[in-house]
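Novice: Structure incoming, see below.
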Amino acid sequence: MRGDATAFTARSAPRTVARWVLVSLALCAVLAALVGLAFAGSPARIAHGVAIAGVDVGGLTPREARQLLERRFDRVARTPAVFTAGGERYPIRATTLSVEPDWSAAIASAAREGEGFGPIRGFRRLETRFFGVEIAPPVRVYEAALGFKLDQLAREIDQRHVEAKLVRRGLRIEVVAGQPGRRLDREAAAPRIVRALARLDRGQPIALPVIVDPVEVTAADLAPAAREARLALSAPVRLQHGETRWRLPRWRIAELLTLPAAGATDVAIAGPGADAWFEKLRKTVERPPVDATFRAAGDGVEIVPAREGLAVDVSATAKNILAAATASGDRTAALVVRAAEAERTTAEAQAMGIERRLASYTTAYAGTSDRITNLQLGVTLVDGALVAPGGTFSFNDRVGERTVERGFRPAPVIIKDEYEEAVGGGVSQVATTVFNAAWEAGLKIVERNPHSLYISRYQLGRDATVNYPDLDLKFVNDTPKWVLVAGSYGGGGITVSIYGGGPGRRVESSSGTMRVTGPPPVRRVNDPTLEKGRTVVEEEGSPSRATSVDRTVHGADGKVIHDETWNTSYRGEYRVIRVGTKPKAKPKPKAKAEAPAKPAPGPAPEPPPTTAATTTQP
């Protein structure tokens with residue numbers, strides 16, 4: 001019997017334990033359910049421990065939470081949040097950037113933190129109660145305003161790094177350490193600013209994210225350059241060219257030396273001080289080249305050979321000076337010079353093909369001494385003009401503006417149909433001389449303007465007038481070789497010759513015809529010194545006229561190159577008549593006859609005797 005009892009006890013013990021375990025689990029489940037139900041709260045209210053934008057909304061309904069959040073945001077929207085960078089403070093208001101938190105979305109997220117059925121909701125809310133939940137609302141911001149504000153902040157915050165550099169104090173060289181810079185991290189700053197402005201508290205200042213702009217050249221990097229610079233200023237340098245020497249004292253080397261800065265690491269002979277010194281040296285050493293030119297010699301042309309010049313090679317000389325200054329031994333530098341070639345060499349002048357005189361034309365002096373001065377100056381400016389094959393000679397381009405500053409003087413000119421005075425008067429005679437030289441050379445004339453009045457001293461129909469800059473004289477070099485325009489003046493007048501080369505040309509010109517096209521225009525001038533009715537012709541004037549001149553240009557093979565007729569019309573000159581306006585003198589009145597003297601008083605005369613023929617009146 002005892003064995004059976006023992007076996008029963010052994011079999012029942014595990015079952016008892018199992019029952020107690022199940023009972024315990026059941027009790028725990030019931031307890032957990034009770035706890036969950038105890039903290040489940042109302043699903044209509046937000047779980048405790050939930051905060052939106054830093055404000056505790058636990059236990060509030062969504063409507064109450066929204067009202068609370070909107071009231072709080074209205075209060076802080078115009079209160080600036082303070083941001084800091086580089087020790088400076090930058091206040092920004094939410095209204096400035098039109099920051100608007102989305103409270104509806106935030107409250108919906110907060111409500112989901114405590115959702116669930118019965119005990120499950122209770123346990124979720126226990127979690128939020130003990131650990132808390134912070135919800136940042138979605139935020140809308142005016143992007144353009146945010147970008148503008150970031151630009152403003154960047155301008156105030158950003159600082160470029162400063163590289164290490166060498167400075168000279170007298171003849172001492174010192175190393176100045178570099179300074180790192182900074183710049184606003186715009187990508188990180190934008191969301192940080194928006195989130196801070198969306199919060200409902202304005203607590204501690206918020207640090208803006210900045211990126212360090214590191215120094216690229218350090219003081220250690222400049223140590224070799226500092227040693228070079230100190231050596232360069234340790235003693236004078238001698239510059240040598242042939243037997244000529246220049247001594248560069250220490251203070252002069254200091255003026256020529258450029259120290260490294262702004263990221264550079266080398267010393268050099270350069271900069272404004274070096275440029276000024278080399279400019280003076282060049283004036284002493286250099287010799288400008290001379291172009292090959294042409295000298296008229298009767299019917300031919302002589303070429304005056306070009307001459308090479310001498311130029312300082314500034315770059316090579318500067319390197320030599322620096323090498324001598326930083327050498328531990330001999331401190332002598334060689335001045336480097338090179339030949340400077342003329343722009344037009346002798347060979348180039350020969351290849352231009354200017355060999356002979358094509359034509360020449362002379363006009364005689366006329367007018368005042370000032371006008372003659374203008375003629376001589378104008379023909380001097382024309383002298384030496386070169387026209388390439390196919391190129392155009394422009395009188396105005398060659399002579400330029402006629403001004404007192406350039407040496408021209410006031411002299412008579414024709415303006416429309418009258419003579420007046422202007423600076424440069426007479427230069428049209430130079431143009432007329434050039435025109436006729438080009439005419440006789442058979443060149444193509446593309447612009448010619450005649451005088452408005454006929455001038456008898458010029459060849460019929462072959463005058464030309466100019467006025468800067470609108471009226472010009474132009475001809476084209478339609479020969480295969482270059483053309484030289486040579487001008488000169490002598491005791492009696494001015495001469496223009498045209499030299500060139502290539503096949504010869506023959507020019508046939510007609511003497512021209514002239515016809516009167518109208519009577520002289522009349523101008524009447526009142527003259528108070530003449531009696532009315534009287535007239536005096538002060539100037540005879542001249543009629544309007546028209547001329548016609550032919551020119552035919554033949555080539556060396558006899559073919560016609562140009563066949564043209566030049567028609568010119570001239571205005572008439574005024575016939576000036578003075579008309580009397582003085583009143584005529586009145587005739588003097590005749591003298592009156594004297595009355596007979598009255599008789600002396602005396603006795604009354606006797607009446608005559610009465611006769612038959614006498615009648616009386618009553």
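In the structure tokens, each chain is lettered A, B, ... as it comes, each chain's residues begin at 1, and ligands are numbered from 1 in order of appearance.
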Skipping near chain neighbours, those fewer than 5 positions away, what residues fall within 7 Å of region 140-148 of chain A using only C-alpha atoms, listed as number ranges by chain?
Specialist: A: 97-101
Novice: Which residues in region 191-374 of chain A does DSSP call strand (DSSP E or B)? List them as a PyMOL selection string.
Specialist: chain A and resi 206-207+210-213+237-241+244-248+257-258+268-269+287+290+293-297+300-304+307+309-312+332-334+337-340+356-364
Novice: Do you know which residues are at most 12 Å from Asp557 (chain A) counting only C-alpha atoms, after dropping those on the same chain fewer than 5 positions away, and could you put them as a ChimeraX atom specification?
Specialist: /A:503-506
Novice: Any chance you can output those residues with all heavy atoms as a PDB file, in the first residue's frame?
Specialist:
```pdb
ATOM      1  N   PRO A 503      51.511  96.933-114.566  1.00  0.00           N
ATOM      2  CA  PRO A 503      51.343  97.401-115.947  1.00  0.00           C
ATOM      3  C   PRO A 503      50.972  98.877-116.004  1.00  0.00           C
ATOM      4  O   PRO A 503      50.229  99.377-115.152  1.00  0.00           O
ATOM      5  CB  PRO A 503      50.220  96.516-116.485  1.00  0.00           C
ATOM      6  CG  PRO A 503      50.211  95.320-115.588  1.00  0.00           C
ATOM      7  CD  PRO A 503      50.636  95.804-114.250  1.00  0.00           C
ATOM      8  N   GLY A 504      51.498  99.576-117.018  1.00  0.00           N
ATOM      9  CA  GLY A 504      51.205 100.989-117.161  1.00  0.00           C
ATOM     10  C   GLY A 504      49.775 101.255-117.615  1.00  0.00           C
ATOM     11  O   GLY A 504      49.084 100.374-118.136  1.00  0.00           O
ATOM     12  N   ARG A 505      49.330 102.491-117.423  1.00  0.00           N
ATOM     13  CA  ARG A 505      47.990 102.908-117.841  1.00  0.00           C
ATOM     14  C   ARG A 505      48.111 104.210-118.627  1.00  0.00           C
ATOM     15  O   ARG A 505      49.002 105.030-118.398  1.00  0.00           O
ATOM     16  CB  ARG A 505      47.071 103.112-116.636  1.00  0.00           C
ATOM     17  CG  ARG A 505      46.763 101.824-115.890  1.00  0.00           C
ATOM     18  CD  ARG A 505      45.756 102.018-114.786  1.00  0.00           C
ATOM     19  NE  ARG A 505      45.420 100.749-114.141  1.00  0.00           N
ATOM     20  CZ  ARG A 505      44.488 100.606-113.220  1.00  0.00           C
ATOM     21  NH1 ARG A 505      43.801 101.667-112.824  1.00  0.00           N
ATOM     22  NH2 ARG A 505      44.244  99.417-112.698  1.00  0.00           N
ATOM     23  N   ARG A 506      47.173 104.372-119.536  1.00  0.00           N
ATOM     24  CA  ARG A 506      47.115 105.608-120.326  1.00  0.00           C
ATOM     25  C   ARG A 506      45.754 106.250-120.097  1.00  0.00           C
ATOM     26  O   ARG A 506      44.711 105.599-120.188  1.00  0.00           O
ATOM     27  CB  ARG A 506      47.318 105.303-121.816  1.00  0.00           C
ATOM     28  CG  ARG A 506      47.267 106.514-122.721  1.00  0.00           C
ATOM     29  CD  ARG A 506      47.705 106.143-124.127  1.00  0.00           C
ATOM     30  NE  ARG A 506      46.924 105.028-124.664  1.00  0.00           N
ATOM     31  CZ  ARG A 506      45.749 105.184-125.301  1.00  0.00           C
ATOM     32  NH1 ARG A 506      45.236 106.396-125.463  1.00  0.00           N
ATOM     33  NH2 ARG A 506      45.106 104.123-125.771  1.00  0.00           N
TER      34      ARG A 506
END
```
Novice: Which is closer to Asp266 (chain A) than all the others in A:Glu279, A:Glu163, A:Glu228, A:Glu343, using only C-alpha atoms?
Specialist: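 Checking each of A:Glu279, A:Glu163, A:Glu228, A:Glu343 against Asp266 (chain A), counting only C-alpha atoms, the winner is A:Glu228.
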Novice: What does the structure give for the distance between CA of Glu187 (chain A) and CA of Ile135 (chain A), in Å to one decimal?
Specialist: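 Interatomic distance here is 22.4 Å.
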Novice: Out of region 272-392 of chain A, which residues get helix (DSSP H, G or I) from DSSP, as a ChimeraX atom specification?
Specialist: /A:272-285,314-325,346-351,369-382
Novice: Name all residues at most 7 Å from Thr513 (chain A) (count only C-alpha atoms; drop same-chain ones fewer than 2 positions away) and give them as a PyMOL selection string.
Specialist: chain A and resi 511+515+547-549
Novice: Near Gly170 (chain A), within 12 Å and counting only C-alpha atoms, which residues show up once chain neighbours fewer than 5 positions away are dropped, as JSON, numbers by chain?
Specialist: {"A": [230, 233, 250, 251, 252, 253, 254, 255]}
Novice: Counting only C-alpha atoms, what is within 7 Å of region 313-316 of chain A, bar same-chain residues fewer than 4 positions away, as a ChimeraX atom specification?
Specialist: /A:320,336-338
Novice: Can you spit out the residues from that selection as an mmCIF file, in the first residue's frame, using C-alpha atoms?
Specialist:
```
data_model
loop_
_atom_site.group_PDB
_atom_site.id
_atom_site.type_symbol
_atom_site.label_atom_id
_atom_site.label_comp_id
_atom_site.auth_asym_id
_atom_site.auth_seq_id
_atom_site.Cartn_x
_atom_site.Cartn_y
_atom_site.Cartn_z
ATOM 1 C CA ASN A 320 68.661 86.901 -63.890
ATOM 2 C CA VAL A 336 69.262 90.532 -71.652
ATOM 3 C CA VAL A 337 68.625 92.508 -74.830
ATOM 4 C CA ARG A 338 67.277 91.358 -78.178
#
```
Novice: With distances taken over only C-alpha atoms, which of A:Gly580, A:Gly242, A:Gly501, A:Gly461 is nearest to Val537 (chain A)?
Specialist: A:Gly580
Novice: To one decimal place, how far is CA of Phe408 (chain A) from CA of Gly424 (chain A) in Å?
Specialist: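 One can read the CA of Phe408 (chain A) to CA of Gly424 (chain A) distance as 5.3 Å.
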Novice: Could you give me, as a tab-separated table, a per-residue list for region 271-356 of chain A showing, wherever an atom lies at most 9 Å from an atom of region 472-486 of chain A, the closest pair of atoms and their distance in Å to one decimal, using only C-alpha atoms and sorting by chain then residue number from low to high?
Specialist:
```
residue	atom	partner	partner_atom	distance
A:Phe294	CA	A:Leu484	CA	8.2
A:Arg295	CA	A:Ala486	CA	8.8
A:Ala296	CA	A:Ala486	CA	7.4
A:Ala351	CA	A:Lys481	CA	8.9
A:Met352	CA	A:Trp482	CA	5.5
A:Gly353	CA	A:Lys481	CA	5.4
A:Ile354	CA	A:Trp482	CA	6.1
```
